[in-house]
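Colleague: Quick one: the structure is below, questions incoming.
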Amino acid sequence: MRSFFRNIGLPVVLLGASVVTTTANGARFMQNFLDGMPPVVRDSDLWPWPWLSDHPELWVTGFAFSLTLLGILLIHEFGHYFACRAHRIKATLPYVLPAPTLSGTAGAVIQIRSRISNRDALMDVGIYGPLAGYIASALAVAVGFTLSVLAPADAPAAIVRFGGEPLTIRLLHHLLLQWDPQIPPFDQITPHPVLVAGWIGLFITSLNLIPGGQLDGGHILYSLSPRLHRVMTNSLPFVLFLMGAVFWVGWILWGIFLMVPAMRHPKVPLDVKLSPGRVVLGAIALAIFVLTFTPTPFYDNSLMHFLHPDPFSTMPR
């Protein structure tokens with residue numbers, strides 16, 4: 001019974017809780033979208049429960065956001081899971097973590113419970129999660145663009161403003177313009193919750209592909225070069241601290257995260273070289289990182305901005 005709960009029951013319970021939390025946030029995003037406003041325009045938008053207690057019938061309107069986001073997270077983690085199964089590596093089902101965050105979740109993880117036998121297996125486990133998640137996120141962004149509308153001229157300023165657009169959003173917008181020239185650019189749009197979920201999916205993909213520790217990018221880099229992985233893992237925290245000061249304060253937390261001893265990468269046998277096909281997968285991972293990464297995921301949230309006027313800040317629309 002204990003084993004059943006740990007292997008099946010706990011993932012299901014966490015997923016159910018995450019459906020509740022992400023749908024609550026999604027309902028607030030949807031209401032703001034219908035009112036022609038950005039997703040987060042007031043402090044209460046970050047904690048929608050009092051509003052939902054007054055309007056419980058609107059909870060179901062959050063499914064567009066929650067099902068899209070949870071679908072992206074599960075597709076990502078099942079990419080890892082099935083790669084583990086293919087290489088006979090023991091792994092748990094995905095744990096989707098509910099949390100009081102902007103999205104209602106802290107993401108999703110699987111736990112690997114047996115040794116990874118070789119570099120090819122490590123590459124597959126590392127790449128197939130972000131590859132699957134990237135495709136799902138890109139599809140969500142494309143659909144979200146078609147559902148979104150031009151922001152009204154009198155729209156209130158958002159208190160949480162999405163920052164620099166990753167290349168994927170720019171490329172998809174360019175392609176969609178060939179189909180519908182009226183689709184507004186990302187920085188002039190009132191985003192539909194599906195687009196918000198797709199943006200978060202791209203952001204999560206880029207975070208996972210940071211090339212250090214036991215992140216997906218760390219697995220991929222270790223399979224390519226354990227020595228370079230060690231150099232990057234040791235130097236990245238300082239780079240992230242600097243980025244946190246200048247671009248987004250959250251990078252500081254990721255720098256600290258990489259310094260936690262539990263993030264040290266376990267040893268993987270290196271006697272067999274990485275196959276040429278897996279080297280190509282490593283190049284694909286780098287391309288996805290370039291297509292999803294932005295140093296400023298949120299505007300006006302750097303350490304410099306909080307301490308004194310930030311030369312990199314932007315004026316509200």
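Convention: chains lettered A, B, ... in structure tokens order; per-chain residue numbering from 1; ligands numbered from 1 as shown.
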Which residues, written as a list in words, have at least one atom at most 10 Å from Val13 (chain A), with only C-alpha atoms counted and residues fewer than 4 positions away on the same chain left out?

Modeller: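 That gives Phe5, Ile8, Gly9, Ala17, Ser18, Val19, Tyr95, Val96 and Leu97 of chain A.
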
Colleague: May I have the residues from that selection written out with N, CA and C atoms, as a PDB file, in the first residue's frame?

Modeller:
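The resulting part-v2.pdb:
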ATOM      1  N   PHE A   5       0.965   4.151  -2.955  1.00  0.00           N
ATOM      2  CA  PHE A   5       0.724   5.584  -2.765  1.00  0.00           C
ATOM      3  C   PHE A   5       1.900   6.400  -3.282  1.00  0.00           C
ATOM      4  N   ILE A   8       1.913   5.854  -7.354  1.00  0.00           N
ATOM      5  CA  ILE A   8       0.718   6.241  -8.107  1.00  0.00           C
ATOM      6  C   ILE A   8      -0.081   7.313  -7.368  1.00  0.00           C
ATOM      7  N   GLY A   9      -0.376   7.070  -6.094  1.00  0.00           N
ATOM      8  CA  GLY A   9      -1.253   7.962  -5.350  1.00  0.00           C
ATOM      9  C   GLY A   9      -0.709   9.371  -5.213  1.00  0.00           C
ATOM     10  N   ALA A  17      -4.175  18.636  -6.949  1.00  0.00           N
ATOM     11  CA  ALA A  17      -3.996  19.918  -6.266  1.00  0.00           C
ATOM     12  C   ALA A  17      -3.523  20.993  -7.243  1.00  0.00           C
ATOM     13  N   SER A  18      -2.662  20.608  -8.179  1.00  0.00           N
ATOM     14  CA  SER A  18      -2.159  21.561  -9.168  1.00  0.00           C
ATOM     15  C   SER A  18      -3.251  22.004 -10.135  1.00  0.00           C
ATOM     16  N   VAL A  19      -4.189  21.092 -10.449  1.00  0.00           N
ATOM     17  CA  VAL A  19      -5.333  21.481 -11.275  1.00  0.00           C
ATOM     18  C   VAL A  19      -6.115  22.590 -10.577  1.00  0.00           C
ATOM     19  N   TYR A  95       5.752  14.281 -10.807  1.00  0.00           N
ATOM     20  CA  TYR A  95       5.169  14.998  -9.690  1.00  0.00           C
ATOM     21  C   TYR A  95       4.948  16.448 -10.134  1.00  0.00           C
ATOM     22  N   VAL A  96       3.700  16.873 -10.259  1.00  0.00           N
ATOM     23  CA  VAL A  96       3.384  18.265 -10.583  1.00  0.00           C
ATOM     24  C   VAL A  96       3.169  18.996  -9.272  1.00  0.00           C
ATOM     25  N   LEU A  97       3.934  20.057  -9.045  1.00  0.00           N
ATOM     26  CA  LEU A  97       4.002  20.670  -7.727  1.00  0.00           C
ATOM     27  C   LEU A  97       3.122  21.915  -7.638  1.00  0.00           C
TER      28      LEU A  97
END

Colleague: What lies within 12 Å of Pro261 (chain A) using only C-alpha atoms, ignoring chain neighbours under 2 positions off, as a short mmCIF file (atom, residue, chain, number, x, y, z; two decimals) with N, CA and C atoms, in the first residue's frame?

Modeller:
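That gives us around-v9.cif:
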data_model
loop_
_atom_site.label_atom_id
_atom_site.label_comp_id
_atom_site.auth_asym_id
_atom_site.auth_seq_id
_atom_site.Cartn_x
_atom_site.Cartn_y
_atom_site.Cartn_z
N GLY A 213 24.73 21.52 -13.12
CA GLY A 213 24.13 20.68 -12.09
C GLY A 213 23.38 19.50 -12.67
N GLN A 214 22.21 19.21 -12.07
CA GLN A 214 21.37 18.12 -12.53
C GLN A 214 20.14 18.62 -13.29
N THR A 233 29.22 24.34 -14.15
CA THR A 233 28.50 24.27 -12.88
C THR A 233 29.16 25.14 -11.82
N ASN A 234 30.49 25.22 -11.84
CA ASN A 234 31.20 26.04 -10.85
C ASN A 234 31.13 27.53 -11.16
N ILE A 256 21.92 30.23 -6.53
CA ILE A 256 22.01 29.55 -5.24
C ILE A 256 21.62 28.09 -5.39
N PHE A 257 20.59 27.83 -6.19
CA PHE A 257 20.11 26.47 -6.42
C PHE A 257 21.22 25.58 -6.98
N LEU A 258 22.01 26.12 -7.90
CA LEU A 258 23.08 25.33 -8.50
C LEU A 258 24.21 25.05 -7.52
N MET A 259 24.28 25.82 -6.43
CA MET A 259 25.33 25.62 -5.44
C MET A 259 24.95 24.60 -4.37
N MET A 263 22.67 19.17 -6.04
CA MET A 263 22.66 19.41 -7.48
C MET A 263 23.92 18.87 -8.16
N ARG A 264 24.85 18.31 -7.37
CA ARG A 264 26.04 17.73 -7.99
C ARG A 264 25.65 16.54 -8.86
N HIS A 265 26.21 16.49 -10.04
CA HIS A 265 25.82 15.46 -10.98
C HIS A 265 26.43 14.11 -10.60
N PRO A 266 25.63 13.06 -10.54
CA PRO A 266 26.20 11.73 -10.25
C PRO A 266 27.09 11.27 -11.40
#

Colleague: Distance CA of Leu131 (chain A)-CA of Ala285 (chain A), one decimal place?

Modeller: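 Taking CA of Leu131 (chain A) and CA of Ala285 (chain A), their separation equals 7.4 Å.
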
Colleague: What does the distance from CA of Phe298 (chain A) to CA of Pro98 (chain A) come to in Å, to one decimal?

Modeller: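 Value for the CA of Phe298 (chain A)-CA of Pro98 (chain A) distance: 21.5 Å.
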
Colleague: For Met37 (chain A), work out the shell of residues within 6 Å, counting only C-alpha atoms and skipping chain neighbours fewer than 3 positions away, then give it as a ChimeraX atom specification.

Modeller: /A:32-33,155

Colleague: Which polymer residues have any atom within 10 Å of an atom of Pro156 (chain A), counting only C-alpha atoms, with same-chain residues fewer than 4 positions away left out, as JSON, numbers by chain?

Modeller: {"A": [36, 37, 38, 40, 41, 42, 151, 152, 316, 317]}

Colleague: Filtering to N, CA and C atoms, could you give me those residues as a tab-separated table (two decimals), in the first residue's frame?

Modeller:
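This went into again31.tsv:
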chain	number	residue	atom	x	y	z
A	36	GLY	N	-10.24	43.20	-21.11
A	36	GLY	CA	-9.28	43.96	-21.90
A	36	GLY	C	-8.07	44.42	-21.11
A	37	MET	N	-7.69	43.66	-20.07
A	37	MET	CA	-6.58	44.04	-19.21
A	37	MET	C	-5.47	43.00	-19.28
A	38	PRO	N	-4.24	43.37	-18.88
A	38	PRO	CA	-3.15	42.39	-18.78
A	38	PRO	C	-3.47	41.32	-17.76
A	40	VAL	N	-2.02	40.37	-15.00
A	40	VAL	CA	-1.86	40.75	-13.60
A	40	VAL	C	-1.80	42.27	-13.52
A	41	VAL	N	-2.86	42.88	-13.01
A	41	VAL	CA	-2.92	44.34	-12.92
A	41	VAL	C	-3.08	44.82	-11.49
A	42	ARG	N	-3.35	43.91	-10.57
A	42	ARG	CA	-3.52	44.30	-9.16
A	42	ARG	C	-2.95	43.18	-8.28
A	151	ALA	N	-4.22	45.21	-27.42
A	151	ALA	CA	-4.48	45.83	-26.13
A	151	ALA	C	-5.16	47.19	-26.32
A	152	PRO	N	-6.20	47.49	-25.55
A	152	PRO	CA	-6.85	48.81	-25.64
A	152	PRO	C	-5.88	49.91	-25.26
A	316	PRO	N	6.18	52.05	-18.48
A	316	PRO	CA	4.91	51.36	-18.72
A	316	PRO	C	4.27	51.83	-20.02
A	317	ARG	N	3.52	50.91	-20.65
A	317	ARG	CA	2.82	51.30	-21.87
A	317	ARG	C	1.74	52.31	-21.53

Colleague: So the first atom is CA of His219 (chain A) and the second is CA of Thr294 (chain A); what is the distance between them in Å, to one decimal place?

Modeller: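 Distance reported for this atom pair: 21.2 Å.
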
Colleague: Considering only C-alpha atoms, tabulate each residue of region 85-115 of chain A that lies at most 8 Å from region 46-54 of chain A along with its nearest interatomic pair and the corresponding distance in Å to one decimal; arrange the rows by chain and ascending residue number and present them as CSV.

Modeller:
residue,atom,partner,partner_atom,distance
A:Pro100,CA,A:Trp47,CA,7.6
A:Thr101,CA,A:Leu46,CA,7.5
A:Leu102,CA,A:Leu46,CA,6.1

Colleague: Can you work out which one of A:Ile72, A:Ala140, A:Ala121, A:Ala99 has the shortest atom-to-atom distance to His87 (chain A), counting only C-alpha atoms?

Modeller: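 Answer, going by the shortest atom-to-atom distance: A:Ala121.
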